[in-house]
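K.L.:
Input structure_15.csv, format and content: CSV, C-alpha atoms and all ligand atoms.
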chain,number,residue,atom,x,y,z
A,10,MET,CA,-8.6,11.6,-6.8
A,11,GLY,CA,-9.9,8.2,-7.8
A,12,ALA,CA,-11.3,5.5,-5.5
A,13,VAL,CA,-10.1,2.0,-4.6
A,14,LEU,CA,-12.6,-0.8,-4.9
A,15,LEU,CA,-12.2,-3.8,-2.5
A,16,ALA,CA,-13.7,-7.1,-3.6
A,17,THR,CA,-13.4,-10.3,-1.5
A,18,LYS,CA,-15.6,-12.4,0.7
A,19,PRO,CA,-17.7,-10.0,2.9
A,20,SER,CA,-16.0,-11.0,6.1
A,21,GLY,CA,-12.7,-9.8,4.8
A,22,LEU,CA,-13.7,-6.4,3.5
A,23,ALA,CA,-13.5,-4.3,6.7
A,24,MET,CA,-10.1,-5.8,7.6
A,25,TRP,CA,-8.7,-4.9,4.1
A,26,ARG,CA,-10.2,-1.4,4.3
A,27,ASP,CA,-8.6,-0.8,7.7
A,28,ALA,CA,-5.3,-2.2,6.6
A,29,LEU,CA,-5.1,0.1,3.5
A,30,LEU,CA,-6.3,3.1,5.5
A,31,ALA,CA,-3.6,2.5,8.1
A,32,VAL,CA,-1.0,3.0,5.4
A,33,ASP,CA,-2.7,5.9,3.6
A,34,PRO,CA,-5.7,7.5,5.5
A,35,ALA,CA,-6.4,9.6,2.5
A,36,LEU,CA,-7.5,6.7,0.3
A,37,GLU,CA,-11.1,6.7,-0.9
A,38,ILE,CA,-12.2,3.1,-0.5
A,39,ARG,CA,-15.4,1.5,-1.8
A,40,LEU,CA,-16.5,-2.0,-0.7
A,41,TRP,CA,-18.0,-4.4,-3.2
A,42,PRO,CA,-20.8,-4.2,-4.4
A,43,ASP,CA,-21.2,-0.5,-3.3
A,44,TRP,CA,-18.8,1.0,-5.8
A,45,GLY,CA,-20.7,4.3,-6.2
A,46,ARG,CA,-20.0,6.2,-9.5
A,47,GLU,CA,-18.3,3.8,-11.9
A,48,GLU,CA,-16.0,6.4,-13.4
A,49,GLU,CA,-14.4,7.1,-10.0
A,50,ILE,CA,-12.9,3.6,-9.6
A,51,GLU,CA,-9.2,3.8,-10.3
A,52,SER,CA,-7.8,0.6,-8.6
A,53,ALA,CA,-9.4,-2.7,-7.7
A,54,VAL,CA,-8.0,-5.0,-4.9
A,55,ILE,CA,-9.6,-8.4,-5.3
A,56,TRP,CA,-9.5,-12.0,-4.4
A,57,GLY,CA,-11.2,-14.3,-6.8
A,58,ALA,CA,-11.9,-14.5,-10.6
A,59,GLN,CA,-15.6,-14.0,-10.0
A,60,TYR,CA,-15.1,-10.2,-10.0
A,61,LEU,CA,-13.2,-10.0,-13.3
A,62,ALA,CA,-16.1,-9.7,-15.7
A,63,GLU,CA,-17.8,-7.0,-13.6
A,64,LEU,CA,-14.6,-4.9,-13.6
A,65,ARG,CA,-15.1,-4.1,-17.2
A,66,ARG,CA,-17.8,-1.6,-16.1
A,67,PHE,CA,-15.2,0.8,-14.7
A,68,PRO,CA,-13.9,3.0,-17.5
A,69,ASP,CA,-10.9,4.5,-15.6
A,70,LEU,CA,-9.6,1.4,-13.9
A,71,ARG,CA,-5.9,1.4,-14.2
A,72,LEU,CA,-4.8,-1.3,-11.7
A,73,ILE,CA,-6.0,-4.7,-10.4
A,74,VAL,CA,-4.2,-6.1,-7.3
A,75,SER,CA,-4.8,-9.7,-6.4
A,76,MET,CA,-4.7,-10.4,-2.7
A,77,GLY,CA,-2.5,-13.5,-3.0
A,78,ALA,CA,0.6,-15.0,-4.7
A,79,GLY,CA,-1.0,-17.5,-7.1
A,80,VAL,CA,-2.8,-16.0,-10.1
A,81,ASP,CA,-3.9,-19.2,-12.1
A,82,HIS,CA,-7.5,-18.3,-11.5
A,83,LEU,CA,-7.0,-14.8,-13.0
A,84,VAL,CA,-5.4,-15.8,-16.3
A,85,LEU,CA,-8.3,-17.9,-17.4
A,86,PRO,CA,-11.1,-16.4,-19.4
A,87,PRO,CA,-12.6,-13.8,-19.1
A,88,GLY,CA,-9.3,-12.5,-17.5
A,89,PRO,CA,-8.9,-8.9,-16.5
A,90,PRO,CA,-10.3,-6.1,-18.6
A,91,PRO,CA,-8.0,-5.6,-21.7
A,92,GLY,CA,-5.1,-3.3,-21.0
A,93,VAL,CA,-5.5,-3.2,-17.2
A,94,PRO,CA,-2.3,-4.5,-15.5
A,95,VAL,CA,-2.6,-7.0,-12.7
A,96,ALA,CA,-0.2,-7.1,-9.7
A,97,ARG,CA,0.1,-10.0,-7.2
A,98,LEU,CA,1.5,-10.1,-3.7
A,99,LYS,CA,5.0,-10.9,-2.7
A,100,ASP,CA,4.5,-10.7,1.0
A,101,GLY,CA,6.9,-11.6,3.8
A,102,MET,CA,4.3,-13.1,6.1
A,103,LEU,CA,2.7,-15.2,3.3
A,104,THR,CA,6.1,-16.4,2.2
A,105,GLN,CA,7.1,-17.2,5.8
A,106,GLY,CA,3.9,-19.2,6.4
A,107,MET,CA,4.6,-21.3,3.3
A,108,ALA,CA,8.2,-21.8,4.2
A,109,GLU,CA,7.2,-23.0,7.7
A,110,TRP,CA,4.6,-25.4,6.2
A,111,VAL,CA,7.3,-26.9,4.0
A,112,LEU,CA,9.7,-27.2,6.9
A,113,LEU,CA,7.1,-28.8,9.1
A,114,ASN,CA,6.7,-31.5,6.4
A,115,VAL,CA,10.3,-31.9,5.6
A,116,LEU,CA,11.1,-32.5,9.2
A,117,ARG,CA,8.0,-34.8,9.6
A,118,PHE,CA,9.4,-37.1,6.9
A,119,HIS,CA,13.1,-36.6,7.6
A,120,ARG,CA,12.7,-37.3,11.3
A,121,GLN,CA,10.5,-40.4,10.7
A,122,ASP,CA,7.6,-38.9,12.5
A,123,PRO,CA,4.9,-41.1,10.9
A,124,GLU,CA,6.8,-44.2,11.9
A,125,TYR,CA,7.3,-43.0,15.5
A,126,ARG,CA,3.6,-42.2,15.7
A,127,ALA,CA,2.8,-45.7,14.6
A,128,LEU,CA,5.2,-47.2,17.1
A,129,GLN,CA,3.7,-45.1,19.9
A,130,ALA,CA,0.2,-46.2,18.9
A,131,ALA,CA,1.4,-49.8,19.2
A,132,ARG,CA,3.3,-49.0,22.5
A,133,VAL,CA,6.5,-50.2,21.0
A,134,TRP,CA,9.8,-48.8,22.4
A,135,GLU,CA,12.0,-48.9,19.3
A,136,GLU,CA,14.7,-46.7,17.9
A,137,LEU,CA,14.8,-46.2,14.2
A,138,PRO,CA,18.0,-45.7,12.2
A,139,PRO,CA,19.3,-42.1,12.8
A,140,PRO,CA,18.4,-39.7,9.9
A,141,GLU,CA,21.3,-37.8,8.3
A,142,THR,CA,20.5,-34.3,7.4
A,143,ALA,CA,23.5,-33.9,5.0
A,144,LYS,CA,22.3,-37.0,3.0
A,145,ARG,CA,18.6,-36.0,2.7
A,146,ARG,CA,18.4,-34.2,-0.7
A,147,ILE,CA,15.6,-31.8,-1.2
A,148,GLY,CA,14.4,-30.8,-4.7
A,149,ILE,CA,12.2,-27.8,-4.9
A,150,LEU,CA,10.1,-27.2,-8.0
A,151,GLY,CA,9.8,-23.4,-8.4
A,152,LEU,CA,12.6,-21.2,-7.0
A,153,GLY,CA,10.7,-17.9,-6.9
A,154,GLU,CA,9.5,-15.8,-3.9
A,155,ILE,CA,8.2,-18.8,-1.9
A,156,GLY,CA,10.4,-21.6,-3.3
A,157,GLY,CA,13.5,-19.5,-2.8
A,158,ALA,CA,12.6,-18.9,0.9
A,159,ALA,CA,11.9,-22.5,1.5
A,160,ALA,CA,15.1,-23.5,-0.2
A,161,ARG,CA,17.2,-21.1,2.0
A,162,LEU,CA,15.5,-22.3,5.2
A,163,CYS,CA,16.2,-26.0,4.4
A,164,ALA,CA,19.8,-25.2,3.3
A,165,HIS,CA,20.3,-23.3,6.5
A,166,LEU,CA,19.5,-26.5,8.4
A,167,GLY,CA,22.1,-28.4,6.5
A,168,PHE,CA,20.0,-30.2,3.9
A,169,PRO,CA,21.5,-30.4,0.4
A,170,VAL,CA,18.9,-28.3,-1.6
A,171,MET,CA,18.3,-28.1,-5.3
A,172,GLY,CA,15.8,-25.8,-7.0
A,173,TRP,CA,14.2,-25.8,-10.4
A,174,SER,CA,13.0,-22.7,-12.3
A,175,ARG,CA,12.1,-21.6,-15.8
A,176,ARG,CA,15.1,-19.4,-16.2
A,177,PRO,CA,18.7,-20.0,-15.0
A,178,LYS,CA,19.3,-18.8,-11.4
A,179,ASP,CA,22.2,-18.2,-9.1
A,180,GLN,CA,21.3,-18.7,-5.5
A,181,PRO,CA,24.1,-19.1,-2.9
A,182,GLY,CA,24.0,-22.5,-1.3
A,183,ILE,CA,21.3,-23.8,-3.6
A,184,GLU,CA,22.0,-26.0,-6.7
A,185,ALA,CA,19.9,-24.3,-9.3
A,186,LEU,CA,18.6,-26.2,-12.3
A,187,HIS,CA,16.2,-25.3,-15.1
A,188,GLY,CA,14.6,-26.6,-18.2
A,189,ALA,CA,13.6,-30.2,-19.1
A,190,ALA,CA,17.0,-31.7,-18.6
A,191,GLY,CA,17.4,-29.9,-15.3
A,192,LEU,CA,14.0,-31.3,-14.1
A,193,ASP,CA,14.9,-34.9,-14.7
A,194,ALA,CA,18.4,-34.4,-13.2
A,195,MET,CA,16.8,-32.9,-10.0
A,196,LEU,CA,14.1,-35.5,-9.7
A,197,ALA,CA,16.6,-38.4,-9.8
A,198,ARG,CA,18.3,-37.0,-6.7
A,199,SER,CA,15.3,-35.7,-4.8
A,200,ASP,CA,14.7,-37.7,-1.6
A,201,ILE,CA,12.1,-35.0,-0.8
A,202,LEU,CA,10.4,-33.3,-3.7
A,203,VAL,CA,8.6,-30.0,-2.9
A,204,CYS,CA,6.3,-28.3,-5.4
A,205,LEU,CA,6.0,-24.5,-5.1
A,206,LEU,CA,5.3,-23.7,-8.7
A,207,PRO,CA,2.6,-21.5,-10.2
A,208,LEU,CA,0.0,-23.4,-12.1
A,209,THR,CA,0.4,-22.7,-15.8
A,210,PRO,CA,-0.2,-24.7,-19.0
A,211,GLU,CA,3.5,-25.8,-18.7
A,212,THR,CA,3.3,-26.9,-15.1
A,213,ARG,CA,-0.1,-28.5,-15.0
A,214,GLY,CA,0.2,-32.2,-14.2
A,215,ILE,CA,4.0,-32.0,-13.7
A,216,ILE,CA,3.8,-34.5,-10.8
A,217,ASN,CA,2.8,-37.6,-12.7
A,218,ALA,CA,3.7,-41.3,-13.1
A,219,ARG,CA,6.7,-40.4,-15.2
A,220,THR,CA,8.2,-37.7,-12.9
A,221,LEU,CA,7.4,-39.7,-9.7
A,222,GLY,CA,9.0,-42.7,-11.3
A,223,LEU,CA,12.3,-40.7,-11.6
A,224,LEU,CA,12.5,-40.1,-7.8
A,225,PRO,CA,14.7,-42.3,-5.7
A,226,PRO,CA,12.7,-45.2,-4.3
A,227,GLY,CA,10.9,-44.3,-1.1
A,228,ALA,CA,11.0,-40.6,-1.7
A,229,PHE,CA,8.5,-38.1,-0.2
A,230,LEU,CA,6.4,-35.5,-1.9
A,231,ILE,CA,5.3,-32.1,-0.5
A,232,ASN,CA,2.8,-30.2,-2.7
A,233,GLY,CA,2.0,-26.6,-1.7
A,234,GLY,CA,1.6,-25.2,-5.2
A,235,ARG,CA,-1.7,-26.1,-6.7
A,236,GLY,CA,-3.8,-29.2,-6.9
A,237,GLY,CA,-3.5,-29.1,-10.7
A,238,HIS,CA,0.2,-29.7,-10.5
A,239,ALA,CA,-0.4,-33.3,-9.6
A,240,VAL,CA,-2.1,-36.2,-11.2
A,241,GLN,CA,-3.8,-37.3,-8.0
A,242,GLU,CA,-4.3,-41.0,-9.2
A,243,ASP,CA,-0.5,-41.2,-9.9
A,244,ILE,CA,0.3,-40.1,-6.4
A,245,LEU,CA,-2.0,-42.7,-5.0
A,246,ALA,CA,-0.4,-45.4,-7.2
A,247,ALA,CA,3.1,-44.3,-6.2
A,248,LEU,CA,2.2,-44.4,-2.5
A,249,ASP,CA,0.6,-47.8,-2.8
A,250,SER,CA,3.5,-49.3,-4.7
A,251,GLY,CA,6.0,-47.9,-2.2
A,252,ALA,CA,7.7,-45.7,-4.8
A,253,LEU,CA,6.6,-42.8,-2.6
A,254,ALA,CA,6.9,-43.3,1.1
A,255,GLY,CA,4.6,-40.3,2.0
A,256,ALA,CA,2.9,-37.2,0.7
A,257,ALA,CA,2.1,-33.9,2.4
A,258,LEU,CA,-0.6,-32.2,0.4
A,259,ASP,CA,-2.1,-28.7,0.9
A,260,VAL,CA,-3.7,-28.3,-2.5
A,261,PHE,CA,-6.1,-30.4,-4.4
A,262,GLU,CA,-8.3,-30.5,-7.5
A,263,PRO,CA,-11.1,-29.9,-6.9
A,264,GLU,CA,-11.2,-28.0,-3.6
A,265,PRO,CA,-12.7,-28.8,-1.2
A,266,LEU,CA,-11.5,-32.4,-1.8
A,267,PRO,CA,-14.7,-34.6,-2.0
A,268,PRO,CA,-15.2,-36.6,1.2
A,269,GLU,CA,-15.0,-39.9,-0.6
A,270,HIS,CA,-11.5,-39.2,-2.0
A,271,PRO,CA,-8.9,-41.8,-0.9
A,272,PHE,CA,-6.4,-39.1,0.3
A,273,TRP,CA,-8.6,-38.4,3.3
A,274,VAL,CA,-7.9,-41.7,4.9
A,275,HIS,CA,-4.7,-42.8,3.3
A,276,PRO,CA,-2.1,-43.6,6.0
A,277,LYS,CA,0.8,-42.1,4.1
A,278,VAL,CA,-1.0,-38.8,3.2
A,279,PHE,CA,-0.8,-35.7,5.5
A,280,MET,CA,-3.4,-33.2,4.4
A,281,THR,CA,-4.1,-29.5,5.1
A,282,PRO,CA,-7.1,-27.8,3.5
A,283,HIS,CA,-5.2,-25.2,1.4
A,284,ALA,CA,-4.1,-23.7,4.7
A,285,ALA,CA,-0.3,-23.7,4.3
A,286,SER,CA,-0.3,-20.0,4.5
A,287,PHE,CA,-2.6,-16.9,4.5
A,288,THR,CA,-2.5,-13.3,3.3
A,289,ILE,CA,-2.5,-11.0,6.4
A,290,PRO,CA,-3.9,-7.7,5.1
A,291,SER,CA,-1.9,-5.5,7.5
A,292,SER,CA,1.3,-7.1,6.2
A,293,ALA,CA,0.4,-6.9,2.5
A,294,ALA,CA,-1.1,-3.4,2.7
A,295,PRO,CA,2.1,-1.3,2.2
A,296,GLN,CA,2.9,-2.9,-1.2
A,297,VAL,CA,-0.8,-2.6,-2.3
A,298,VAL,CA,-0.9,1.1,-1.4
A,299,GLU,CA,2.5,1.6,-3.1
A,300,ASN,CA,1.0,0.2,-6.3
A,301,ILE,CA,-2.1,2.3,-6.0
A,302,HIS,CA,0.1,5.4,-5.7
A,303,ARG,CA,2.2,4.3,-8.7
A,304,ALA,CA,-0.8,3.6,-10.9
A,305,ARG,CA,-2.2,7.0,-10.0
A,306,ASP,CA,1.1,8.8,-10.8
A,307,GLY,CA,1.7,6.7,-13.9
A,308,ARG,CA,4.9,5.2,-12.4
A,309,PRO,CA,6.1,1.6,-13.1
A,310,LEU,CA,4.1,-1.0,-11.1
A,311,ILE,CA,5.7,-3.6,-8.8
A,312,ASN,CA,5.0,-7.4,-8.7
A,313,LEU,CA,3.2,-7.4,-12.0
A,314,VAL,CA,1.8,-10.7,-13.4
A,315,ASP,CA,3.3,-11.7,-16.7
A,316,PHE,CA,0.3,-12.9,-18.6
A,317,ALA,CA,2.5,-14.4,-21.4
A,318,ALA,CA,4.3,-16.6,-18.9
A,319,GLY,CA,1.1,-17.3,-16.9
A,320,TYR,CA,2.3,-16.2,-13.5
B,1,LIG,P1,7.0,-16.8,-8.1
B,1,LIG,O1,6.4,-16.3,-9.4
B,1,LIG,O2,7.8,-15.9,-7.3
B,1,LIG,O3,7.9,-18.1,-8.4
B,1,LIG,C1,7.5,-19.1,-9.3
B,1,LIG,C2,8.7,-20.0,-9.6
B,1,LIG,O4,8.3,-21.0,-10.5
B,1,LIG,C3,9.8,-19.2,-10.3
B,1,LIG,O5,11.1,-19.7,-9.9
B,1,LIG,C4,9.6,-19.7,-11.8
B,1,LIG,O6,10.7,-19.6,-12.6
B,1,LIG,C5,9.1,-21.1,-11.6
B,1,LIG,N1,8.4,-21.5,-12.8
B,1,LIG,C6,7.3,-21.1,-13.3
B,1,LIG,N2,6.9,-21.7,-14.5
B,1,LIG,C7,7.9,-22.7,-14.6
B,1,LIG,C8,8.2,-23.7,-15.6
B,1,LIG,N3,7.4,-23.8,-16.6
B,1,LIG,N4,9.3,-24.4,-15.4
B,1,LIG,C9,10.1,-24.3,-14.4
B,1,LIG,N5,9.9,-23.3,-13.4
B,1,LIG,C10,8.8,-22.5,-13.5
B,1,LIG,O7,5.7,-17.4,-7.3
B,1,LIG,P2,5.6,-17.6,-5.7
B,1,LIG,O8,6.9,-18.3,-5.2
B,1,LIG,O9,5.2,-16.3,-5.0
B,1,LIG,O10,4.4,-18.6,-5.6
B,1,LIG,C11,4.5,-19.9,-6.2
B,1,LIG,C12,3.1,-20.6,-6.1
B,1,LIG,O11,2.9,-21.0,-4.7
B,1,LIG,C13,1.9,-19.8,-6.4
B,1,LIG,O12,1.7,-19.6,-7.8
B,1,LIG,C14,0.8,-20.6,-5.8
B,1,LIG,O13,0.5,-21.6,-6.8
B,1,LIG,C15,1.5,-21.3,-4.6
B,1,LIG,N6,1.0,-20.8,-3.4
B,1,LIG,C16,0.3,-21.6,-2.5
B,1,LIG,C17,-0.2,-21.2,-1.3
B,1,LIG,C18,-0.9,-22.1,-0.4
B,1,LIG,O14,-1.5,-21.7,0.6
B,1,LIG,N7,-0.9,-23.4,-0.7
B,1,LIG,C19,0.0,-19.8,-0.9
B,1,LIG,C20,0.7,-19.0,-1.8
B,1,LIG,C21,1.2,-19.5,-3.0
B,1,LIG,P3,11.5,-18.3,-12.8
B,1,LIG,O15,12.2,-17.9,-11.5
B,1,LIG,O16,12.5,-18.6,-13.9
B,1,LIG,O17,10.5,-17.2,-13.2
Represent the structure from my file as structure tokens, please.
Ligand code: NDP
P.N.:
Amino acid sequence: MGAVLLATKPSGLAMWRDALLAVDPALEIRLWPDWGREEEIESAVIWGAQYLAELRRFPDLRLIVSMGAGVDHLVLPPGPPPGVPVARLKDGMLTQGMAEWVLLNVLRFHRQDPEYRALQAARVWEELPPPETAKRRIGILGLGEIGGAAARLCAHLGFPVMGWSRRPKDQPGIEALHGAAGLDAMLARSDILVCLLPLTPETRGIINARTLGLLPPGAFLINGGRGGHAVQEDILAALDSGALAGAALDVFEPEPLPPEHPFWVHPKVFMTPHAASFTIPSSAAPQVVENIHRARDGRPLINLVDFAAGY
């Protein structure tokens, strides 16, 4: 029986090993960089593109599992060894964390929390106009695992929700749009725009002066996708002109965001350091082990990355 190689930051290795062994105690697990005999490595479970070049040394490698949802870092050169499939995670806890982070920021903006904090700081007792949930339209870029969950959560609270994807979709209670025309139609009606796209050549820079300019005046932006989805200067310009009333940002380019970047101190920007959600190994382990077994038996793999589509 072949071995599973775990490769991530050293502090995460033992937790991943224990999580996988809890699902299948018979797994033979090796921890990077102590992989032992190269021909024994059958699957690699990794987080980070820095391992990809080295994976070419394992002649019988038949599966790579990435320990996250986004794979933009893996599709860049050198990419995985030719012919070795890559699976990503679709994990309930990771998705729940992302949906919670979206909801936190939707409610922050919807319930005028920045304004109330400013009033509190000034010791001003003043009621703002009541927000109307049914009139706060939410547009979600990316209606996949995470975007779909965020859309359902917001729709459940009574917000009108639209979602944009590459291919047509049918999701009860969500207005699904796709393609270039669908994008512009959605933007024009998005009081809160949420980005939960994968970063691909098609989606890089999608949040820019043109698309921000299509939003209703005073809209809000929530970006939990990748920093590369946004032209950061265009967000700043839109905030400063008032076209955007606020932005909640979890992802940046580069990361960490340099200390001198204006986002850090901008009064309308609410930042988290790429911490919207996390992979919890014990939650993700069952699907990883399932794929390890499938690869071993030659059965179809789950949650495969489509390298042609880039996600
Ligand atoms: P999925 O692959 O499940 O969903 C991606 C969605 O984006 C799909 O609806 C897809 O359309 C759509 N999409 C992709 N390309 C295009 C395009 N060119 N035009 C229109 N729609 C497009 O991914 P997840 O939901 O699991 O994850 C989404 C992203 O969230 C990740 O790639 C990552 O960047 C980010 N993320 C961020 C985290 C954080 O901590 N900030 C944590 C986890 C993920 P279709 O349905 O037609 O395929």
K.L.:
Work out how far atom P3 of ligand LIG 1 (chain B) is from atom CA of Ala318 of chain A, in Å to one decimal.
P.N.:
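Value for the atom CA of Ala318 of chain A-atom P3 of ligand LIG 1 (chain B) distance: 9.6 Å.
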K.L.:
Taking the point (16.6, -17.5, -14.3) as given in the file, collect each protein or nucleic acid residue that comes within 12 Å of it, counting all atoms listed in the file, and present the set as a list in words.
P.N.:
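Residues with an atom at most 12 Å from (16.6, -17.5, -14.3): Gly151, Leu152, Gly153, Gly172, Trp173, Ser174, Arg175, Arg176, Pro177, Lys178, Asp179, Gln180, Ala185, Leu186, His187 and Gly188 of chain A.
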K.L.:
Do you know which residues are at most 9 Å from segment 141-149 of chain A counting all atoms listed in the file, after dropping those on the same chain fewer than 3 positions away, and could you put them as number ranges by chain?
P.N.:
A: 115, 119, 152, 156-157, 159-160, 163, 166-173, 195-196, 198-206
K.L.:
What gap, in Å, lies between atom CA of Gly255 of chain A and atom CA of Lys99 of chain A?
P.N.:
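Interatomic distance here is 29.8 Å.
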K.L.:
Could you tell me how far atom CA of His238 of chain A sits from atom CA of Gly21 of chain A, in Å to one decimal place?
P.N.:
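Separation of atom CA of Gly21 of chain A and atom CA of His238 of chain A: 28.2 Å.
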K.L.:
Residues within 12 Å of Ala246 of chain A, please, as a list in words. Count only C-alpha atoms; anything in the same chain fewer than 6 positions from it doesn't count.
P.N.:
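What passes the distance filter is Asn217, Ala218, Arg219, Leu221, Gly222, Val240, Ala252, Leu253, Ala254, Gly255, Ala256, Pro271, Phe272, His275 and Lys277 of chain A.
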K.L.:
Would you save the residues from that selection as a PDB file, keeping the file's coordinate frame, using C-alpha atoms?
P.N.:
ATOM      1  CA  ASN A 217       2.800 -37.600 -12.700  1.00  0.00           C
ATOM      2  CA  ALA A 218       3.700 -41.300 -13.100  1.00  0.00           C
ATOM      3  CA  ARG A 219       6.700 -40.400 -15.200  1.00  0.00           C
ATOM      4  CA  LEU A 221       7.400 -39.700  -9.700  1.00  0.00           C
ATOM      5  CA  GLY A 222       9.000 -42.700 -11.300  1.00  0.00           C
ATOM      6  CA  VAL A 240      -2.100 -36.200 -11.200  1.00  0.00           C
ATOM      7  CA  ALA A 252       7.700 -45.700  -4.800  1.00  0.00           C
ATOM      8  CA  LEU A 253       6.600 -42.800  -2.600  1.00  0.00           C
ATOM      9  CA  ALA A 254       6.900 -43.300   1.100  1.00  0.00           C
ATOM     10  CA  GLY A 255       4.600 -40.300   2.000  1.00  0.00           C
ATOM     11  CA  ALA A 256       2.900 -37.200   0.700  1.00  0.00           C
ATOM     12  CA  PRO A 271      -8.900 -41.800  -0.900  1.00  0.00           C
ATOM     13  CA  PHE A 272      -6.400 -39.100   0.300  1.00  0.00           C
ATOM     14  CA  HIS A 275      -4.700 -42.800   3.300  1.00  0.00           C
ATOM     15  CA  LYS A 277       0.800 -42.100   4.100  1.00  0.00           C
TER      16      LYS A 277
END
K.L.:
So which residues touch segment 131-138 of chain A within 12 Å, counting all atoms listed in the file, skipping near sequence neighbours fewer than 4 positions away, as a PDB file with C-alpha atoms, keeping the file's coordinate frame?
P.N.:
ATOM      1  CA  HIS A 119      13.100 -36.600   7.600  1.00  0.00           C
ATOM      2  CA  ARG A 120      12.700 -37.300  11.300  1.00  0.00           C
ATOM      3  CA  GLN A 121      10.500 -40.400  10.700  1.00  0.00           C
ATOM      4  CA  ASP A 122       7.600 -38.900  12.500  1.00  0.00           C
ATOM      5  CA  PRO A 123       4.900 -41.100  10.900  1.00  0.00           C
ATOM      6  CA  GLU A 124       6.800 -44.200  11.900  1.00  0.00           C
ATOM      7  CA  TYR A 125       7.300 -43.000  15.500  1.00  0.00           C
ATOM      8  CA  ARG A 126       3.600 -42.200  15.700  1.00  0.00           C
ATOM      9  CA  ALA A 127       2.800 -45.700  14.600  1.00  0.00           C
TER      10      ALA A 127
END
K.L.:
Name the residues in contact with segment 44-50 of chain A at a cut-off of 9 Å, using only C-alpha atoms, excluding same-chain residues fewer than 5 positions from it; report them as JSON, numbers by chain.
P.N.:
{"A": [10, 11, 12, 13, 14, 15, 38, 39, 66, 67, 68, 69, 70, 71]}
K.L.:
Using all atoms listed in the file, which residue out of A:Gly191, A:Pro263, A:Pro139, A:Gly233 lies closest to ligand LIG 1 (chain B)?
P.N.:
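Between A:Gly191, A:Pro263, A:Pro139, A:Gly233, the residue approaching ligand LIG 1 (chain B) most closely is A:Gly233.
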K.L.:
So, with all atoms listed in the file as the atoms that count, which of A:Arg308, A:His82, A:Arg303, A:His270 lies closest to ligand LIG 1 (chain B)?
P.N.:
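Nearest candidate to ligand LIG 1 (chain B) out of A:Arg308, A:His82, A:Arg303, A:His270: A:His82.
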